[in-house]
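Here's the structure, in structure tokens; my notes come after.
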2 protein chains.
Amino acid sequence: MIEPRLRPLVASDRAAVERIIAAVAVFSPEEIDIALELVDEWLEIGEESGYLTYVIEETAGTGKGTVRGFVCFGPTPLTEGTYDLYWVAVDPAAQGRGYGQRLLAFAESEVRGLGGRLLLIETASHEAYAATVRFYERAGYELVSRIPNFYRAGDDKLTFAKDVTG
Amino acid sequence: MIEPRLRPLVASDRAAVERIIAAVAVFSPEEIDIALELVDEWLEIGEESGYLTYVIEETAGTGKGTVRGFVCFGPTPLTEGTYDLYWVAVDPAAQGRGYGQRLLAFAESEVRGLGGRLLLIETASHEAYAATVRFYERAGYELVSRIPNFYRAGDDKLTFAKDVTG
């Protein structure tokens with residue numbers, strides 16, 4: 001296997017993204033729909049959409065590529081230099097290879113290159129997301145906000161932040 | 001003057017809303033554009049837009065009405081029973097008459113009627129919004145989150161919340 005590479009998502013990757021999101025198995029049908037809407041806006045109008053979307057792809061010796069994860073991020077409306085990380089997901093069959101951290105580091109580097117300073121990630125306090133929370137903490141994100149009972153009674157909205165200028 | 005009344009915003013109110021937002025003078029051109037986009041979605045598809053928009057109107061003895069303020073709120077995507085208060089604004093020429101509190105109380109009552117439980121309001125920590133913050137606190141909203149440097153360095157995002165089921 002050739003070293004996996006990151007590249008912008010193209011239309012032929014859409015099915016892979018849909019498959020990965022479904023395989024991750026923590027997202028609701030409504031969340032999957034929203035993820036695909038962002039992907040479609042990116043495919044339609046690119047950076048103007050505000051949803052910059054990249055994939056990580058493994059390439060076999062034959063040259064055939066397999067998309068193993070994706071990341072989607074973009075400028076937060078009404079802010080100067082703040083960005084949201086909307087999605088990062090890795091195929092469960094390819095986890096443990098550091099792809100999630102690579103996708104995250106790539107997004108941070110892009111945000112910095114675009115003049116951004118702060119990258120935010122929202123997630124739920126529900127235990128299904130406990131591994132996700134540890135993943136963000138390992139990547140240097142800090143919990144900056146908790147809104148109690150946001151998603152439903154007992155399920156809070158957590159916001160993690162990282163200063164990407166350092 | 002007949003007692004002011006609350007009613008759904010209709011197309012002929014759009015200019016009044018634009019005038020009020022401009023008169024309030026704390027909003028940027030980008031924020032004004034976003035407010036009018038929400039109004040336009042409400043005018044186009046109503047409740048399906050997710051932006052329920054109502055005005056408060058004074059009526060003279062002659063029957064002629066003057067829109068003095070508006071409120072826009074709707075269900076927060078991916079949540080069960082959480083609503084966002086997107087906008088509430090009152091014509092500076094009609095402030096001190098309790099219209100802001102009436103618009104807010106109306107939104108809370110509507111949210112409760114729609115089965116909602118939590119109403120959230122986001123604002124900035126910038127001193128231009130100090131009176132706004134006091135307005136929310138007087139109405140029983142509690143500061144539940146502060147994201148440092150969200151809008152720009154030194155300007156935080158504040159989120160206020162109220163349980164509307166009580």
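Ordered as shown in the structure tokens, chains take letters A, B, and onward, while each chain numbers its residues from 1 and ligands are numbered from 1 in the order shown.
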
If we count only C-alpha atoms, what is near Phe73 of chain B at a cut-off of 8 Å, once residues fewer than 3 positions away on the same chain are taken out, given as a PyMOL selection string? chain B and resi 50-53+83-87+107

Go ahead and write the residues just picked, N, CA and C atoms, as a compact mmCIF listing (two decimals), in the first residue's frame.
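As written to disk, selection38.txt reads:
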```txt
# COMPACT_ATOMS: atom_id res chain seq x y z
N GLY B 50 -38.50 27.11 9.50
CA GLY B 50 -37.83 27.05 10.80
C GLY B 50 -37.56 28.43 11.38
N TYR B 51 -38.09 29.47 10.73
CA TYR B 51 -37.88 30.85 11.21
C TYR B 51 -39.24 31.50 11.41
N LEU B 52 -39.81 31.31 12.57
CA LEU B 52 -41.13 31.87 12.85
C LEU B 52 -40.96 33.35 13.19
N THR B 53 -41.64 34.20 12.44
CA THR B 53 -41.38 35.63 12.56
C THR B 53 -42.68 36.40 12.80
N TYR B 83 -35.09 25.43 21.07
CA TYR B 83 -35.37 26.46 20.07
C TYR B 83 -34.32 27.56 20.18
N ASP B 84 -34.05 28.20 19.05
CA ASP B 84 -33.18 29.38 19.03
C ASP B 84 -34.03 30.62 18.85
N LEU B 85 -33.69 31.66 19.62
CA LEU B 85 -34.25 32.99 19.39
C LEU B 85 -33.24 33.70 18.51
N TYR B 86 -33.55 33.85 17.23
CA TYR B 86 -32.56 34.40 16.29
C TYR B 86 -32.49 35.92 16.36
N TRP B 87 -33.65 36.55 16.46
CA TRP B 87 -33.70 38.01 16.45
C TRP B 87 -34.82 38.51 17.33
N ALA B 107 -42.63 34.72 22.16
CA ALA B 107 -41.82 33.63 21.59
C ALA B 107 -41.79 32.45 22.56
```

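Residues of chain B lying within 8 Å of chain A, counting only C-alpha atoms, are B:Glu30, B:Glu31, B:Leu78, B:Thr79, B:Glu80, B:Gly81, B:Thr82, B:Leu118, B:Val144, B:Ser145, B:Arg146, B:Ile147, B:Pro148, B:Phe150, B:Tyr151, B:Arg152.
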
Neighbour list for Gly100 of chain B as a PDB file with N, CA and C atoms, in the first residue's frame, cut-off 8 Å, only C-alpha atoms, skip fewer than 6 positions in-chain:
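Below you can see selection-v7.pdb, which holds the result:
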```pdb
ATOM      1  N   GLY B  69     -41.578  46.476  16.114  1.00  0.00           N
ATOM      2  CA  GLY B  69     -40.561  45.509  16.512  1.00  0.00           C
ATOM      3  C   GLY B  69     -40.886  44.155  15.911  1.00  0.00           C
ATOM      4  N   VAL B  88     -34.537  39.584  18.041  1.00  0.00           N
ATOM      5  CA  VAL B  88     -35.618  40.376  18.637  1.00  0.00           C
ATOM      6  C   VAL B  88     -35.131  41.818  18.585  1.00  0.00           C
ATOM      7  N   ALA B  89     -35.920  42.682  17.990  1.00  0.00           N
ATOM      8  CA  ALA B  89     -35.502  44.082  17.849  1.00  0.00           C
ATOM      9  C   ALA B  89     -36.725  44.980  17.933  1.00  0.00           C
ATOM     10  N   VAL B  90     -36.515  46.146  18.560  1.00  0.00           N
ATOM     11  CA  VAL B  90     -37.588  47.136  18.706  1.00  0.00           C
ATOM     12  C   VAL B  90     -37.087  48.472  18.174  1.00  0.00           C
TER      13      VAL B  90
END
```

Would you mind listing what lies within 12 Å of Glu3 of chain A as a PyMOL selection string, with only C-alpha atoms counted and same-chain residues fewer than 5 positions away left out? chain A and resi 56-61+63+65-66+97+99

With C-alpha atoms retained, could you export that selection as a CSV table (one decimal), in the first residue's frame?
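Dumped everything to again_30.csv:
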```csv
chain,number,residue,atom,x,y,z
A,56,ILE,CA,-8.0,10.6,3.0
A,57,GLU,CA,-7.4,7.8,0.4
A,58,GLU,CA,-5.3,4.6,0.5
A,59,THR,CA,-3.9,3.6,-2.8
A,60,ALA,CA,-3.1,-0.1,-3.6
A,61,GLY,CA,-0.1,-1.1,-5.7
A,63,GLY,CA,-3.3,2.3,-8.4
A,65,GLY,CA,-7.8,4.1,-4.4
A,66,THR,CA,-10.0,3.6,-1.4
A,97,ARG,CA,-4.0,4.1,11.6
A,99,TYR,CA,-6.2,8.9,9.9
```

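Compared by their closest atoms to Gly116 of chain B, and using only C-alpha atoms, the residues B:Asp163, B:Glu44, B:Asp33, B:Asp13 rank with B:Asp163 nearest.
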
Select from chain A everything DSSP, run on the backbone, classes as strand (DSSP E), then give the selection as a ChimeraX atom specification. /A:2-8,52-59,65-75,82-90,118-124,142-152,155-163

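Using only C-alpha atoms, the shortest contact distance between Ala16 of chain B and any of B:Val67, B:Val111, B:Thr165, B:Pro92 is found at B:Val67.
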
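You will find atom CA of Arg134 of chain A at 27.3 Å from atom CA of Glu37 of chain A.
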
For the alpha helix (DSSP H) assignment from backbone DSSP, which residues of chain A qualify? Please present them as a ChimeraX atom specification. /A:14-24,29-45,99-113,130-138

Considering only C-alpha atoms, state which residue in the set A:Asp156, A:Ala35, A:Arg7, A:Val17 is at the smallest distance from Tyr129 of chain A. A:Asp156

Point-to-point distance from atom CA of Val10 of chain A to atom CA of Gly115 of chain A, Å rounded to tenths: 24.7 Å

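The spacing separating atom CA of Val71 of chain B from atom CA of Tyr54 of chain B amounts to 5.5 Å.
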
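For the set A:Gly140, A:Gly98, A:Gly113, A:Gly46, the residue with the smallest atom-to-atom gap to Pro4 of chain A is A:Gly98, counting only C-alpha atoms.
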